[in-house]
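Engineer: Structure incoming, see below.
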Amino acid sequence: MNFQEGAFIYINKPYRMSSFGALAHIRYLVSKRIHVKRVKMGHAGTLDPLATGVLILCTGKATKQIEQLQLHTKEYTATLQLGATTPSYDMEHEVDATYPTAHITRELIEQTLPQFVGDIMQVPPLFSAVMVDGHRAYKMARKGQEVELAAKPVRIDELELTAFDAEKMQMSIRVVCGKGTYIRSLARDIGEALGSGAYLTALCRTRVGDVRIEECLTFDDFPAWLEKEVKSEEVKSE
């Protein structure tokens with residue numbers, strides 16, 4: 001694997017780390033190991049800091065494929081807390097409103113989810129990297145500025161209820177979707193459709209295209225993998 005020429009690195013992004021933070025860490029380790037000041041590197045699709053899972057890093061000439069990789073279908077697993085909302089639609093912010101849940105049953109959820117499958121319109125989260133008049137929405141939101149985001153077309157191919165805990169009022173889903181889909185927004189919209197509220201308590205990207213989370217390296221595993229790859233490349237060039 002020639003990192004300078006171009007390579008793909010599959011990382012399982014850690015919880016509470018930004019996608020850029022994960023990229024910067026891996027780029028530092030690779031650059032240091034192959035003795036270059038700064039290897040060229042980019043990622044193919046941002047993950048929220050509170051999400052984990054598949055993050056594809058591209059180096060060298062492979063960065064030219066980032067745009068194409070971003071078009072690939074993605075799969076997520078997520079857990080939703082019903083009966084409440086937060087400004088960010090996840091646990092980054094405190095609960096700002098609570099709603100009734102006594103009427104919510106597994107049957108109601110099963111009846112409600114199909115309305116989100118197919119081509120739908122979705123309003124991105126206020127706390128997101130969406131550009132508004134040349135500014136990131138989350139930066140404007142953190143300053144307390146009024147931000148109005150327009151609904152955008154997205155595609156959800158599969159939406160499956162995988163678990164429901166009526167006592168905790170938590171539900172887990174598996175989502176297969178296209179580019180630009182916000183699972184946080186989906187959680188918000190599912191809560192509304194159930195006549196309640198909802199926010200994410202867990203989110204994991206389990207697949208991007210054909211790359212599955214099982215193939216991804218953790219930060220702990222990466223140094224040993226890197227050492228092996230570099231030594232292999234060195235042997236080839238001898």
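Simple scheme: letters A, B, ... for chains in structure tokens order, numbers from 1 for residues in each chain, numbers from 1 for ligands in the order shown.
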In range 63-212 of chain A, what's helix (DSSP H, G or I) per DSSP? Answer as a PyMOL selection string?

Structural biologist: chain A and resi 63-69+106-116+137-142+183-193

Engineer: Skip Leu200 in chain A itself and residues of its chain fewer than 6 positions away, then list as a VMD selection string all residues within 12 Å of it, counting only C-alpha atoms.

Structural biologist: chain A and resid 48 50 to 51 77 to 95 170 to 173 182 to 191

Engineer: Take the residues that were just selected and, keeping N, CA, C and O atoms, output them as a tab-separated table (two decimals), in the first residue's frame.

Structural biologist:
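selection_16.tsv written:
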chain	number	residue	atom	x	y	z
A	48	ASP	N	-21.11	12.54	12.43
A	48	ASP	CA	-21.25	13.40	13.60
A	48	ASP	C	-20.29	12.95	14.70
A	48	ASP	O	-19.99	11.75	14.81
A	50	LEU	N	-20.85	12.42	17.78
A	50	LEU	CA	-21.47	11.43	18.65
A	50	LEU	C	-21.80	10.12	17.93
A	50	LEU	O	-22.38	9.21	18.52
A	51	ALA	N	-21.42	10.02	16.66
A	51	ALA	CA	-21.62	8.78	15.90
A	51	ALA	C	-20.31	8.02	15.80
A	51	ALA	O	-19.23	8.59	15.90
A	77	THR	N	-27.14	1.98	12.03
A	77	THR	CA	-28.01	1.51	13.11
A	77	THR	C	-28.12	2.66	14.10
A	77	THR	O	-27.15	3.39	14.33
A	78	ALA	N	-29.31	2.84	14.66
A	78	ALA	CA	-29.53	3.98	15.55
A	78	ALA	C	-30.51	3.61	16.65
A	78	ALA	O	-31.39	2.76	16.47
A	79	THR	N	-30.35	4.26	17.80
A	79	THR	CA	-31.28	4.12	18.91
A	79	THR	C	-31.92	5.47	19.18
A	79	THR	O	-31.23	6.49	19.25
A	80	LEU	N	-33.25	5.48	19.29
A	80	LEU	CA	-34.00	6.71	19.51
A	80	LEU	C	-34.65	6.68	20.88
A	80	LEU	O	-35.23	5.66	21.28
A	81	GLN	N	-34.54	7.79	21.59
A	81	GLN	CA	-35.30	7.98	22.82
A	81	GLN	C	-36.59	8.71	22.47
A	81	GLN	O	-36.55	9.82	21.94
A	82	LEU	N	-37.72	8.08	22.75
A	82	LEU	CA	-39.01	8.69	22.44
A	82	LEU	C	-39.49	9.54	23.62
A	82	LEU	O	-39.08	9.34	24.76
A	83	GLY	N	-40.36	10.50	23.31
A	83	GLY	CA	-40.97	11.31	24.36
A	83	GLY	C	-40.25	12.59	24.71
A	83	GLY	O	-40.63	13.28	25.65
A	84	ALA	N	-39.19	12.92	23.97
A	84	ALA	CA	-38.44	14.14	24.25
A	84	ALA	C	-37.67	14.58	23.01
A	84	ALA	O	-37.46	13.79	22.08
A	85	THR	N	-37.25	15.84	23.00
A	85	THR	CA	-36.44	16.36	21.90
A	85	THR	C	-35.26	17.14	22.47
A	85	THR	O	-35.29	17.57	23.63
A	86	THR	N	-34.25	17.33	21.64
A	86	THR	CA	-33.13	18.21	21.97
A	86	THR	C	-32.89	19.11	20.75
A	86	THR	O	-33.27	18.75	19.64
A	87	PRO	N	-32.25	20.27	20.93
A	87	PRO	CA	-32.02	21.18	19.81
A	87	PRO	C	-31.20	20.56	18.67
A	87	PRO	O	-31.37	20.94	17.51
A	88	SER	N	-30.31	19.63	19.01
A	88	SER	CA	-29.44	19.01	18.00
A	88	SER	C	-29.97	17.67	17.52
A	88	SER	O	-29.37	17.03	16.66
A	89	TYR	N	-31.08	17.21	18.08
A	89	TYR	CA	-31.71	15.92	17.76
A	89	TYR	C	-30.86	14.73	18.20
A	89	TYR	O	-31.09	13.61	17.77
A	90	ASP	N	-29.85	14.99	19.05
A	90	ASP	CA	-29.06	13.91	19.64
A	90	ASP	C	-28.66	14.35	21.05
A	90	ASP	O	-29.24	15.28	21.60
A	91	MET	N	-27.67	13.68	21.66
A	91	MET	CA	-27.33	13.97	23.05
A	91	MET	C	-26.28	15.07	23.22
A	91	MET	O	-25.77	15.29	24.31
A	92	GLU	N	-25.96	15.78	22.11
A	92	GLU	CA	-25.01	16.89	22.23
A	92	GLU	C	-25.60	18.02	23.09
A	92	GLU	O	-24.87	18.75	23.75
A	93	HIS	N	-26.94	18.14	23.06
A	93	HIS	CA	-27.61	19.17	23.85
A	93	HIS	C	-28.62	18.52	24.80
A	93	HIS	O	-29.06	17.39	24.59
A	94	GLU	N	-28.98	19.29	25.84
A	94	GLU	CA	-29.95	18.80	26.83
A	94	GLU	C	-31.36	18.79	26.24
A	94	GLU	O	-31.67	19.49	25.28
A	95	VAL	N	-32.22	17.99	26.86
A	95	VAL	CA	-33.63	17.91	26.46
A	95	VAL	C	-34.28	19.29	26.60
A	95	VAL	O	-34.11	19.97	27.62
A	170	GLN	N	-37.65	3.39	24.20
A	170	GLN	CA	-36.54	3.47	23.26
A	170	GLN	C	-36.78	2.50	22.11
A	170	GLN	O	-37.29	1.40	22.32
A	171	MET	N	-36.39	2.93	20.91
A	171	MET	CA	-36.51	2.07	19.73
A	171	MET	C	-35.20	2.08	18.97
A	171	MET	O	-34.48	3.08	18.96
A	172	SER	N	-34.89	0.95	18.34
A	172	SER	CA	-33.68	0.85	17.53
A	172	SER	C	-34.08	0.56	16.09
A	172	SER	O	-35.03	-0.18	15.84
A	173	ILE	N	-33.34	1.19	15.16
A	173	ILE	CA	-33.66	1.02	13.74
A	173	ILE	C	-32.40	0.73	12.94
A	173	ILE	O	-31.28	1.03	13.37
A	182	TYR	N	-29.83	12.76	6.86
A	182	TYR	CA	-29.46	12.96	8.27
A	182	TYR	C	-30.30	12.03	9.14
A	182	TYR	O	-31.53	12.16	9.18
A	183	ILE	N	-29.66	11.11	9.83
A	183	ILE	CA	-30.39	10.18	10.69
A	183	ILE	C	-30.96	10.95	11.89
A	183	ILE	O	-32.01	10.59	12.42
A	184	ARG	N	-30.29	12.03	12.31
A	184	ARG	CA	-30.83	12.85	13.39
A	184	ARG	C	-32.17	13.47	12.99
A	184	ARG	O	-33.11	13.52	13.78
A	185	SER	N	-32.24	13.95	11.75
A	185	SER	CA	-33.50	14.52	11.25
A	185	SER	C	-34.57	13.44	11.13
A	185	SER	O	-35.75	13.69	11.41
A	186	LEU	N	-34.15	12.25	10.73
A	186	LEU	CA	-35.08	11.13	10.62
A	186	LEU	C	-35.67	10.82	12.00
A	186	LEU	O	-36.87	10.58	12.13
A	187	ALA	N	-34.81	10.84	13.03
A	187	ALA	CA	-35.28	10.60	14.40
A	187	ALA	C	-36.32	11.64	14.80
A	187	ALA	O	-37.38	11.31	15.36
A	188	ARG	N	-36.01	12.91	14.52
A	188	ARG	CA	-36.96	14.00	14.83
A	188	ARG	C	-38.30	13.76	14.13
A	188	ARG	O	-39.37	13.87	14.74
A	189	ASP	N	-38.24	13.41	12.85
A	189	ASP	CA	-39.46	13.25	12.05
A	189	ASP	C	-40.26	12.03	12.48
A	189	ASP	O	-41.50	12.05	12.45
A	190	ILE	N	-39.58	10.96	12.87
A	190	ILE	CA	-40.27	9.76	13.36
A	190	ILE	C	-41.01	10.11	14.65
A	190	ILE	O	-42.16	9.72	14.86
A	191	GLY	N	-40.35	10.86	15.54
A	191	GLY	CA	-40.99	11.28	16.78
A	191	GLY	C	-42.26	12.07	16.52
A	191	GLY	O	-43.31	11.82	17.15

Engineer: Extract, using only C-alpha atoms, all DNA, RNA and protein residues at most 6 Å from range 8-13 of chain A, discarding same-chain residues fewer than 6 positions from it, and format them as a PyMOL selection string.

Structural biologist: chain A and resi 52-58+216-218

Engineer: Residues of chain A classed as strand (DSSP E or B) by DSSP on the backbone are to be reported as JSON, numbers by chain.

Structural biologist: {"A": [6, 7, 8, 9, 10, 11, 12, 13, 41, 42, 43, 52, 53, 54, 55, 56, 57, 58, 59, 60, 74, 75, 76, 77, 78, 79, 80, 81, 82, 84, 85, 97, 98, 118, 119, 120, 121, 122, 131, 132, 135, 136, 152, 153, 154, 155, 156, 157, 158, 159, 160, 161, 162, 163, 164, 165, 170, 171, 172, 173, 174, 175, 176, 177, 198, 199, 200, 201, 202, 203, 204, 205, 206, 207, 208, 211, 212, 217]}

Engineer: What's the 10 Å shell around Arg106 in chain A, counting only C-alpha atoms, without same-chain residues fewer than 5 positions away, as number ranges by chain?

Structural biologist: A: 111-112, 161, 163-166, 171

Engineer: Output N, CA, C and O atoms for every residue in the selection just made, as a PDB file, in the first residue's frame.

Structural biologist:
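Below is the file result-v8.pdb, written as the result:
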ATOM      1  N   GLN A 111     -46.393   0.684  11.814  1.00  0.00           N
ATOM      2  CA  GLN A 111     -47.299   1.313  10.842  1.00  0.00           C
ATOM      3  C   GLN A 111     -46.755   2.653  10.349  1.00  0.00           C
ATOM      4  O   GLN A 111     -47.048   3.078   9.231  1.00  0.00           O
ATOM      5  N   THR A 112     -45.961   3.317  11.188  1.00  0.00           N
ATOM      6  CA  THR A 112     -45.489   4.678  10.895  1.00  0.00           C
ATOM      7  C   THR A 112     -44.235   4.703  10.025  1.00  0.00           C
ATOM      8  O   THR A 112     -44.097   5.568   9.144  1.00  0.00           O
ATOM      9  N   LEU A 161     -37.421  -1.575  12.007  1.00  0.00           N
ATOM     10  CA  LEU A 161     -37.418  -1.535  13.462  1.00  0.00           C
ATOM     11  C   LEU A 161     -36.747  -2.811  13.969  1.00  0.00           C
ATOM     12  O   LEU A 161     -37.202  -3.912  13.684  1.00  0.00           O
ATOM     13  N   ALA A 163     -35.658  -3.134  17.405  1.00  0.00           N
ATOM     14  CA  ALA A 163     -35.964  -3.358  18.823  1.00  0.00           C
ATOM     15  C   ALA A 163     -36.861  -2.235  19.328  1.00  0.00           C
ATOM     16  O   ALA A 163     -36.798  -1.104  18.840  1.00  0.00           O
ATOM     17  N   PHE A 164     -37.705  -2.572  20.327  1.00  0.00           N
ATOM     18  CA  PHE A 164     -38.543  -1.565  20.979  1.00  0.00           C
ATOM     19  C   PHE A 164     -38.683  -1.924  22.445  1.00  0.00           C
ATOM     20  O   PHE A 164     -39.101  -3.027  22.781  1.00  0.00           O
ATOM     21  N   ASP A 165     -38.306  -1.010  23.317  1.00  0.00           N
ATOM     22  CA  ASP A 165     -38.423  -1.186  24.757  1.00  0.00           C
ATOM     23  C   ASP A 165     -39.521  -0.251  25.253  1.00  0.00           C
ATOM     24  O   ASP A 165     -39.315   0.956  25.378  1.00  0.00           O
ATOM     25  N   ALA A 166     -40.706  -0.816  25.516  1.00  0.00           N
ATOM     26  CA  ALA A 166     -41.861  -0.007  25.908  1.00  0.00           C
ATOM     27  C   ALA A 166     -41.677   0.638  27.272  1.00  0.00           C
ATOM     28  O   ALA A 166     -42.261   1.687  27.559  1.00  0.00           O
ATOM     29  N   MET A 171     -36.391   2.926  20.907  1.00  0.00           N
ATOM     30  CA  MET A 171     -36.510   2.065  19.735  1.00  0.00           C
ATOM     31  C   MET A 171     -35.204   2.084  18.965  1.00  0.00           C
ATOM     32  O   MET A 171     -34.476   3.085  18.956  1.00  0.00           O
TER      33      MET A 171
END

Engineer: Smallest atom-to-atom distance to Phe116 in chain A: which of A:His35, A:Lys231, A:Arg155, A:His25, using only C-alpha atoms?

Structural biologist: A:Arg155

Engineer: Excluding Asp210 in chain A and any residue of its chain fewer than 6 positions from it, enumerate the residues within 10 Å of it, using only C-alpha atoms, and give them as a list in words.

Structural biologist: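 These residues fall inside the cut-off: His72, Thr73 and Lys74 of chain A.
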
Engineer: So which residues touch Leu149 in chain A within 8 Å, counting only C-alpha atoms, skipping near sequence neighbours fewer than 2 positions away, as a PyMOL selection string?

Structural biologist: chain A and resi 123-124+126+132+147+151

Engineer: Can you measure CA of Glu107 in chain A to CA of Lys168 in chain A for me? One decimal in Å is fine.

Structural biologist: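 For CA of Glu107 in chain A relative to CA of Lys168 in chain A, the distance reads 16.5 Å.
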
Engineer: Quick one, how far is CA of Tyr99 in chain A from CA of Gln115 in chain A?

Structural biologist: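 Those two atoms sit 21.3 Å apart.
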
Engineer: Please determine, counting only C-alpha atoms, which residue among A:Glu227, A:Glu192, A:Asp157, A:Glu67 has the shortest atom-to-atom distance to Val175 in chain A.

Structural biologist: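 The closest residue to Val175 in chain A is A:Asp157.
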
Engineer: Can you list, as JSON, numbers by chain, every protein, DNA or RNA residue that comes within 12 Å of Val230 in chain A when you count only C-alpha atoms, leaving out same-chain residues fewer than 3 positions away?

Structural biologist: {"A": [1, 2, 3, 4, 29, 30, 31, 32, 33, 34, 35, 223, 224, 225, 226, 227, 233, 234, 235, 236, 237]}

Engineer: Tell me which of A:Val176, A:Ser196, A:Asp220, A:Pro125 sits closest to Pro14 in chain A, counting only C-alpha atoms.

Structural biologist: A:Asp220

Engineer: Using only C-alpha atoms, which of A:Gly6, A:Tyr28, A:Asp96, A:Gly197 sits nearest Gln65 in chain A?

Structural biologist: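 That would be A:Gly6, the residue with the smallest distance to Gln65 in chain A.
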
Engineer: Restricting the calculation to only C-alpha atoms: of A:Met41, A:Val211, A:Leu69, A:Ala97, which residue gets closest to Ala198 in chain A?

Structural biologist: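 Using only C-alpha atoms, the shortest distance to Ala198 in chain A belongs to A:Ala97.
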